[in-house]
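Structure first, commentary second.
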Amino acid sequence: MTNASLPPVVEASDDDLGIMRYLLDLSLQPLDQWEGYDHIEQLGGSALRYQLNSLSYALALSQLTRTPAFTGYLAEAQRNVILKMCDRKVWRYWAYENLVGYGRWNPDPIALNNVMYSAYFGVMVGLYETLNDDRRFSEPGALTLCWNDRQRYEYDFGRLAGAIEFNMRVRPDSPQYPCEPHLIYPMCNTFAFNSLIMHDRLHGTAMTGDLVQRVREVYDRDGWLRTDGRFVAGRVENTKIPILPTSIAYDAVMAFWLSPAMPELARDTWHVVRDCHIHFDHKHPQLKGQLWDRIDFGNYNLARGDTFTRAMLTHTAREMGDEDVALAFQRSLEELKEVTWKGGARRFHGISVMGNGIYAMARFGRAQGMSDLVNGNIPEAWRQGPLLTEAAYPAVLVARAVSDGSGLELVLRAGEGPQRTTLALGRLQPGRTYRVEGACVERLVAGPDGKALLAVDLQDRSVVRVTAE
């Protein structure tokens with residue numbers, strides 16, 4: 001099924017499917033289980049929240065570029081990581097940071113400050129709603145946080161976005177708000193306005209208003225954007241005291257997350273990184289950064305730390321449409337770094353969960369992929385066409401799923417060997433007859449609810465087509 005007017009949908013390779021299984025095996029665990037996650041501390045880069053964020057964003061990009069017509073266990077995995085963000089072990093750190101940093105006891109991690117939790121969380125929900133036409137997290141109390149039997153903080157996507165807007169407007173002189181108490185990072189605040197952009201688009205609100213413009217203005221007015229085109233990574237609030245050195249990885253991430261709302265600045269930032277801080281030799285690109293760029297911030301590993309930075313550079317290059325650079329970094333990782341397989345799941349050995357998640361974002365990204373997700377540039381055919389809504393995991397690995405608005409094409413791989421399996425289809429035209437190729441029947445009739453079941457004799461690679469008569 002090829003339509004030149006639609007964005008390309010790539011069939012996942014064996015390596016892609018291995019990376020997907022790594023993401024899915026982590027994400028589909030019961031909500032109270034955390035096997036395979038990094039457990040070091042909850043204040044810095046190794047915190048569970050950042051692992052959940054990277055899993056969510058990678059799963060969303062995989063759905064966009066490989067399987068836009070599949071919900072099923074892929075959507076379930078996204079829901080799970082969103083719900084895990086509500087687990088007290090993920091956000092309880094804020095009660096003590098709030099007490100030490102501001103001298104007040106309030107465990108609520110969303111109400112005031114703490115952009116590193118609230119805004120990253122907002123992007124997770126916004127991406128999920130964009131791809132899955134599911135508003136469950138916008139129902140009142142859907143994102144409730146329980147501190148104990150007496151203290152509960154009831155949130156949903158709307159109240160979460162409202163808190164983000166409040167925090168961006170509460171300081172008249174600065175729309176950026178702190179992560180750790182009194183410490184402001186521009187990177188974290190890109191998630192804030194991206195969250196609001198998505199909520200406004202999905203729910204018809206007007207929270208973003210002039211906030212993107214105001215953030216852009218303070219970059220210049222307050223010197224966050226330096227004369228050499230690089231960003232000040234962080235400062236003490238209300239001062240110009242820097243708290244982190246410049247970093248290739250930081251600037252690359254800024255470019256990636258500025259892409260949806262400030263595309264020109266994103267490109268300019270990326271060009272500075274590419275042209276001034278990367279050396280392209282005859283085989284593998286080399287980094288011109290300092291020690292800071294050789295740390296894996298997901299587990300503080302220095303020996304394999306440049307894997308983390310190279311993954312970030314790969315995903316930003318791909319988002320910017322700089323495919324030659326993206327492929328150069330991807331090849332350097334695949335050829336220089338140790339890859340491990342376990343139960344069909346593929347990951348880089350020794351790199352953090354967050355780092356592997358960022359690499360998955362790179363593998364599943366495309367030019368303007370995240371920008372299209374944030375801005376809702378999803379083809380109408382994908383919004384209205386038939387879907388694969390259920391498949392058994394890991395027996396059925398969905399390598400490609402796409403609709404042209406009336407039909408459905410699937411490429412399925414056998415995760416547990418050849419077998420007969422039943423697929424559930426949705427969003428068919430009620431009562432309509434469909435012609436089927438590659439399954440156990442040649443025709444099916446959609447039920448009055450637009451749903452149907454379809455048996456398939458799954459082989460190593462099976463192509464299934466469902467076409468409206």
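We name chains A, B, ... following the order of the structure tokens; residues begin at 1 in each chain, and ligands are numbered from 1 as shown.
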
How close does region 127-244 of chain A get to region 47-66 of chain A? List, as a Markdown table, each residue of region 127-244 of chain A within 9 Å, its nearest atom pair and the distance in Å to one decimal, counting only C-alpha atoms.
| residue | atom | partner | partner_atom | distance |
| --- | --- | --- | --- | --- |
| A:Leu127 | CA | A:Ala60 | CA | 6.5 |
| A:Tyr128 | CA | A:Ala60 | CA | 7.0 |
| A:Leu131 | CA | A:Ala60 | CA | 7.4 |

Residues within 8 Å of region 288-298 of chain A, only C-alpha atoms, excluding chain neighbours under 3 positions, as a PyMOL selection string: chain A and resi 38+45-47+51+245+247-249+277-279+301-309+351-355

Restricting the output to N, CA and C atoms, write the selected residues as a PDB file, in the first residue's frame.
ATOM      1  N   ASP A  38      16.959   1.055  35.602  1.00  0.00           N
ATOM      2  CA  ASP A  38      18.114   1.442  36.408  1.00  0.00           C
ATOM      3  C   ASP A  38      17.624   1.980  37.744  1.00  0.00           C
ATOM      4  N   GLY A  45      19.980  12.356  36.591  1.00  0.00           N
ATOM      5  CA  GLY A  45      19.638  11.781  35.302  1.00  0.00           C
ATOM      6  C   GLY A  45      19.250  10.323  35.327  1.00  0.00           C
ATOM      7  N   SER A  46      19.648   9.592  36.360  1.00  0.00           N
ATOM      8  CA  SER A  46      19.312   8.167  36.413  1.00  0.00           C
ATOM      9  C   SER A  46      17.910   7.904  36.947  1.00  0.00           C
ATOM     10  N   ALA A  47      17.176   8.943  37.288  1.00  0.00           N
ATOM     11  CA  ALA A  47      15.870   8.781  37.919  1.00  0.00           C
ATOM     12  C   ALA A  47      14.901   8.014  37.021  1.00  0.00           C
ATOM     13  N   GLN A  51      13.745   7.626  32.574  1.00  0.00           N
ATOM     14  CA  GLN A  51      13.660   6.358  31.855  1.00  0.00           C
ATOM     15  C   GLN A  51      12.281   6.197  31.238  1.00  0.00           C
ATOM     16  N   PRO A 245      28.524  23.260  32.555  1.00  0.00           N
ATOM     17  CA  PRO A 245      29.279  23.701  31.378  1.00  0.00           C
ATOM     18  C   PRO A 245      28.474  23.457  30.105  1.00  0.00           C
ATOM     19  N   SER A 247      27.636  21.820  26.532  1.00  0.00           N
ATOM     20  CA  SER A 247      27.704  20.401  26.199  1.00  0.00           C
ATOM     21  C   SER A 247      27.162  20.183  24.793  1.00  0.00           C
ATOM     22  N   ILE A 248      27.862  19.368  24.010  1.00  0.00           N
ATOM     23  CA  ILE A 248      27.373  19.006  22.677  1.00  0.00           C
ATOM     24  C   ILE A 248      26.009  18.332  22.784  1.00  0.00           C
ATOM     25  N   ALA A 249      25.895  17.397  23.714  1.00  0.00           N
ATOM     26  CA  ALA A 249      24.634  16.675  23.883  1.00  0.00           C
ATOM     27  C   ALA A 249      23.508  17.631  24.250  1.00  0.00           C
ATOM     28  N   HIS A 277      31.495  21.275  16.257  1.00  0.00           N
ATOM     29  CA  HIS A 277      31.819  20.408  17.384  1.00  0.00           C
ATOM     30  C   HIS A 277      31.849  18.918  17.027  1.00  0.00           C
ATOM     31  N   ILE A 278      31.768  18.617  15.745  1.00  0.00           N
ATOM     32  CA  ILE A 278      31.890  17.239  15.276  1.00  0.00           C
ATOM     33  C   ILE A 278      32.939  17.207  14.174  1.00  0.00           C
ATOM     34  N   HIS A 279      33.842  16.267  14.261  1.00  0.00           N
ATOM     35  CA  HIS A 279      34.857  16.088  13.224  1.00  0.00           C
ATOM     36  C   HIS A 279      34.552  14.809  12.461  1.00  0.00           C
ATOM     37  N   ASN A 301      27.962   6.423  33.832  1.00  0.00           N
ATOM     38  CA  ASN A 301      29.073   5.628  33.320  1.00  0.00           C
ATOM     39  C   ASN A 301      29.946   6.504  32.437  1.00  0.00           C
ATOM     40  N   LEU A 302      31.229   6.507  32.710  1.00  0.00           N
ATOM     41  CA  LEU A 302      32.166   7.288  31.918  1.00  0.00           C
ATOM     42  C   LEU A 302      32.815   6.449  30.827  1.00  0.00           C
ATOM     43  N   ALA A 303      33.011   5.165  31.095  1.00  0.00           N
ATOM     44  CA  ALA A 303      33.700   4.305  30.131  1.00  0.00           C
ATOM     45  C   ALA A 303      32.930   4.186  28.820  1.00  0.00           C
ATOM     46  N   ARG A 304      31.590   4.135  28.903  1.00  0.00           N
ATOM     47  CA  ARG A 304      30.779   3.999  27.696  1.00  0.00           C
ATOM     48  C   ARG A 304      29.919   5.239  27.459  1.00  0.00           C
ATOM     49  N   GLY A 305      30.268   6.330  28.110  1.00  0.00           N
ATOM     50  CA  GLY A 305      29.400   7.499  28.120  1.00  0.00           C
ATOM     51  C   GLY A 305      29.172   8.150  26.782  1.00  0.00           C
ATOM     52  N   ASP A 306      30.159   8.071  25.866  1.00  0.00           N
ATOM     53  CA  ASP A 306      29.932   8.761  24.601  1.00  0.00           C
ATOM     54  C   ASP A 306      28.851   8.080  23.777  1.00  0.00           C
ATOM     55  N   THR A 307      28.469   6.844  24.133  1.00  0.00           N
ATOM     56  CA  THR A 307      27.344   6.188  23.473  1.00  0.00           C
ATOM     57  C   THR A 307      26.081   7.021  23.659  1.00  0.00           C
ATOM     58  N   PHE A 308      25.906   7.568  24.852  1.00  0.00           N
ATOM     59  CA  PHE A 308      24.757   8.405  25.184  1.00  0.00           C
ATOM     60  C   PHE A 308      24.732   9.646  24.296  1.00  0.00           C
ATOM     61  N   THR A 309      25.865  10.343  24.201  1.00  0.00           N
ATOM     62  CA  THR A 309      25.930  11.552  23.390  1.00  0.00           C
ATOM     63  C   THR A 309      25.739  11.228  21.918  1.00  0.00           C
ATOM     64  N   ILE A 351      25.006   0.744  28.582  1.00  0.00           N
ATOM     65  CA  ILE A 351      24.388   2.065  28.480  1.00  0.00           C
ATOM     66  C   ILE A 351      23.062   2.029  29.236  1.00  0.00           C
ATOM     67  N   SER A 352      22.674   3.154  29.774  1.00  0.00           N
ATOM     68  CA  SER A 352      21.498   3.241  30.632  1.00  0.00           C
ATOM     69  C   SER A 352      20.208   2.966  29.866  1.00  0.00           C
ATOM     70  N   VAL A 353      19.139   2.725  30.625  1.00  0.00           N
ATOM     71  CA  VAL A 353      17.814   2.602  30.026  1.00  0.00           C
ATOM     72  C   VAL A 353      17.471   3.876  29.261  1.00  0.00           C
ATOM     73  N   MET A 354      17.751   5.030  29.866  1.00  0.00           N
ATOM     74  CA  MET A 354      17.465   6.281  29.174  1.00  0.00           C
ATOM     75  C   MET A 354      18.273   6.386  27.886  1.00  0.00           C
ATOM     76  N   GLY A 355      19.555   6.023  27.937  1.00  0.00           N
ATOM     77  CA  GLY A 355      20.382   6.082  26.742  1.00  0.00           C
ATOM     78  C   GLY A 355      19.884   5.155  25.654  1.00  0.00           C
TER      79      GLY A 355
END

Pairwise distance for CA of Ala233 (chain A) and CA of Tyr250 (chain A), rounded to one decimal in Å: 7.0 Å

Surrounding residues of Pro285 (chain A) excluding itself and chain neighbours under 2 positions, 8 Å, only C-alpha atoms, as number ranges by chain: A: 278-281, 283, 287, 328-329, 332

Close residues, Met254 (chain A) itself excluded, 10 Å, only C-alpha atoms, min 4 positions apart in chain, as a count of residues only: 18

Residues near Thr467 (chain A), cut-off 7 Å, only C-alpha atoms, skip fewer than 4 positions along chain, as a ChimeraX atom specification: /A:407-408,434-436

All residues 10 Å or closer to Gly376 (chain A), only C-alpha atoms, same chain fewer than 4 positions away omitted, as JSON, numbers by chain: {"A": [126, 127, 130, 131, 197, 198, 201, 202, 370, 371, 372]}

Just the selected residues (N, CA and C atoms), exported as a short mmCIF file (atom, residue, chain, number, x, y, z; two decimals), in the first residue's frame, please.
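In the end it all went to selection.cif:
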data_model
loop_
_atom_site.label_atom_id
_atom_site.label_comp_id
_atom_site.auth_asym_id
_atom_site.auth_seq_id
_atom_site.Cartn_x
_atom_site.Cartn_y
_atom_site.Cartn_z
N GLY A 126 0.52 14.06 25.76
CA GLY A 126 0.17 14.69 24.50
C GLY A 126 0.49 13.81 23.30
N LEU A 127 1.64 13.15 23.32
CA LEU A 127 2.00 12.25 22.22
C LEU A 127 1.04 11.07 22.17
N THR A 130 -2.27 12.18 20.70
CA THR A 130 -2.12 12.50 19.28
C THR A 130 -2.20 11.24 18.42
N LEU A 131 -1.57 10.17 18.87
CA LEU A 131 -1.45 8.97 18.05
C LEU A 131 -2.60 8.00 18.22
N ILE A 197 1.34 23.28 23.64
CA ILE A 197 0.97 23.26 22.22
C ILE A 197 0.08 22.05 21.93
N MET A 198 0.46 20.89 22.46
CA MET A 198 -0.33 19.69 22.20
C MET A 198 -1.70 19.77 22.87
N ARG A 201 -4.00 22.06 20.90
CA ARG A 201 -4.43 21.46 19.64
C ARG A 201 -5.46 20.36 19.86
N LEU A 202 -5.25 19.54 20.87
CA LEU A 202 -6.11 18.39 21.10
C LEU A 202 -7.43 18.76 21.76
N MET A 370 9.29 14.41 15.35
CA MET A 370 8.74 14.92 16.60
C MET A 370 7.99 16.22 16.38
N SER A 371 8.46 17.03 15.46
CA SER A 371 7.74 18.27 15.15
C SER A 371 6.34 17.95 14.63
N ASP A 372 6.22 16.96 13.76
CA ASP A 372 4.91 16.59 13.25
C ASP A 372 4.00 16.06 14.35
#

Non-local contacts of Leu397 (chain A) (12 Å; only C-alpha atoms; under 6 positions in same chain excluded) as an mmCIF file with C-alpha atoms, in the first residue's frame:
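The new file part12.cif reads:
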data_model
loop_
_atom_site.group_PDB
_atom_site.id
_atom_site.type_symbol
_atom_site.label_atom_id
_atom_site.label_comp_id
_atom_site.auth_asym_id
_atom_site.auth_seq_id
_atom_site.Cartn_x
_atom_site.Cartn_y
_atom_site.Cartn_z
ATOM 1 C CA GLU A 11 9.017 -1.746 7.653
ATOM 2 C CA ALA A 12 10.884 -2.471 10.876
ATOM 3 C CA SER A 13 14.098 -4.430 10.352
ATOM 4 C CA ASP A 14 15.196 -7.326 12.541
ATOM 5 C CA ASP A 16 14.359 -2.470 14.850
ATOM 6 C CA LEU A 17 12.124 -5.275 16.125
ATOM 7 C CA GLY A 18 14.768 -6.237 18.676
ATOM 8 C CA ILE A 19 14.891 -2.657 19.935
ATOM 9 C CA MET A 20 11.091 -2.565 20.022
ATOM 10 C CA ARG A 21 11.040 -5.721 22.134
ATOM 11 C CA LEU A 24 7.987 -3.261 25.111
ATOM 12 C CA ARG A 66 6.477 2.069 11.433
ATOM 13 C CA THR A 67 2.950 1.281 12.581
ATOM 14 C CA PHE A 70 -1.582 -0.284 15.048
ATOM 15 C CA GLY A 72 -2.908 -2.875 20.555
ATOM 16 C CA TYR A 73 0.036 -3.639 22.798
ATOM 17 C CA LEU A 74 1.927 -0.611 21.470
ATOM 18 C CA GLY A 344 14.641 -11.299 21.324
ATOM 19 C CA ALA A 345 15.270 -7.875 22.875
ATOM 20 C CA GLU A 390 -5.155 -6.330 18.994
ATOM 21 C CA ALA A 391 -2.361 -8.820 18.412
ATOM 22 C CA LEU A 410 0.238 -5.262 7.708
ATOM 23 C CA VAL A 411 3.662 -6.839 7.791
ATOM 24 C CA LEU A 412 3.833 -9.310 10.690
ATOM 25 C CA ARG A 413 6.788 -11.270 11.987
ATOM 26 C CA ALA A 414 6.659 -14.395 14.124
ATOM 27 C CA GLY A 415 8.091 -13.696 17.550
ATOM 28 C CA GLU A 416 7.592 -17.275 18.808
ATOM 29 C CA GLY A 417 7.668 -19.305 15.642
ATOM 30 C CA PRO A 418 4.990 -20.020 12.988
ATOM 31 C CA THR A 421 -3.106 -16.327 15.535
ATOM 32 C CA LEU A 423 -5.979 -10.392 15.007
ATOM 33 C CA LEU A 458 1.748 -16.496 10.879
ATOM 34 C CA GLN A 459 5.044 -17.272 9.167
ATOM 35 C CA ASP A 460 8.460 -15.689 9.675
ATOM 36 C CA ARG A 461 7.206 -12.764 7.582
ATOM 37 C CA SER A 462 3.540 -12.464 6.700
#

Region 260-391 of chain A: residues DSSP assigns to helix (DSSP H, G or I), reported as a ChimeraX atom specification: /A:263-277,291-294,306-319,323-336,353-364,369-375,380-384

Best match for closeness to Met116 (chain A) among A:Leu145, A:Leu6, A:Leu160, A:Cys179, counting only C-alpha atoms: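 For Met116 (chain A), the nearest of the given residues is A:Cys179.
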
Atomic separation - CA of Leu428 (chain A) relative to CA of Ala399 (chain A), Å: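 Going from CA of Ala399 (chain A) over to CA of Leu428 (chain A) covers 21.1 Å.
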
Residue nearest Arg346 (chain A) among A:Leu313, A:Met320, A:Pro379, A:Glu334 (counting only C-alpha atoms): A:Glu334

Distance in Å - CA of Val81 (chain A) versus CA of Pro175 (chain A):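 Between CA of Val81 (chain A) and CA of Pro175 (chain A) the gap is 28.3 Å.
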
Which residue of A:Glu237, A:Glu335, A:Asp133, A:Asp210 approaches Leu196 (chain A) most closely, using only C-alpha atoms: A:Asp210

Nearest residue to Gly426 (chain A) from the set A:Val10, A:Ala69, A:Ala468, A:Val339 (distances using only C-alpha atoms): A:Ala69

Every residue of region 105-271 of chain A that DSSP places in strand (DSSP E or B), as an MDAnalysis selection string: chainID A and resid 145:146 152:153 183:184 225 231 235:236 242

Selected residues written out, C-alpha atoms, as an mmCIF file, in the first residue's frame:
data_model
loop_
_atom_site.group_PDB
_atom_site.id
_atom_site.type_symbol
_atom_site.label_atom_id
_atom_site.label_comp_id
_atom_site.auth_asym_id
_atom_site.auth_seq_id
_atom_site.Cartn_x
_atom_site.Cartn_y
_atom_site.Cartn_z
ATOM 1 C CA LEU A 145 -0.979 10.942 42.574
ATOM 2 C CA CYS A 146 -1.348 9.251 45.969
ATOM 3 C CA ARG A 152 -4.065 12.655 46.973
ATOM 4 C CA TYR A 153 -3.308 15.081 44.176
ATOM 5 C CA LEU A 183 17.771 26.059 39.197
ATOM 6 C CA ILE A 184 16.513 26.768 35.675
ATOM 7 C CA LEU A 225 21.591 31.913 23.843
ATOM 8 C CA PHE A 231 22.972 27.572 25.013
ATOM 9 C CA ARG A 235 21.596 28.909 35.959
ATOM 10 C CA VAL A 236 20.622 29.763 39.476
ATOM 11 C CA PRO A 242 25.947 29.088 35.462
#
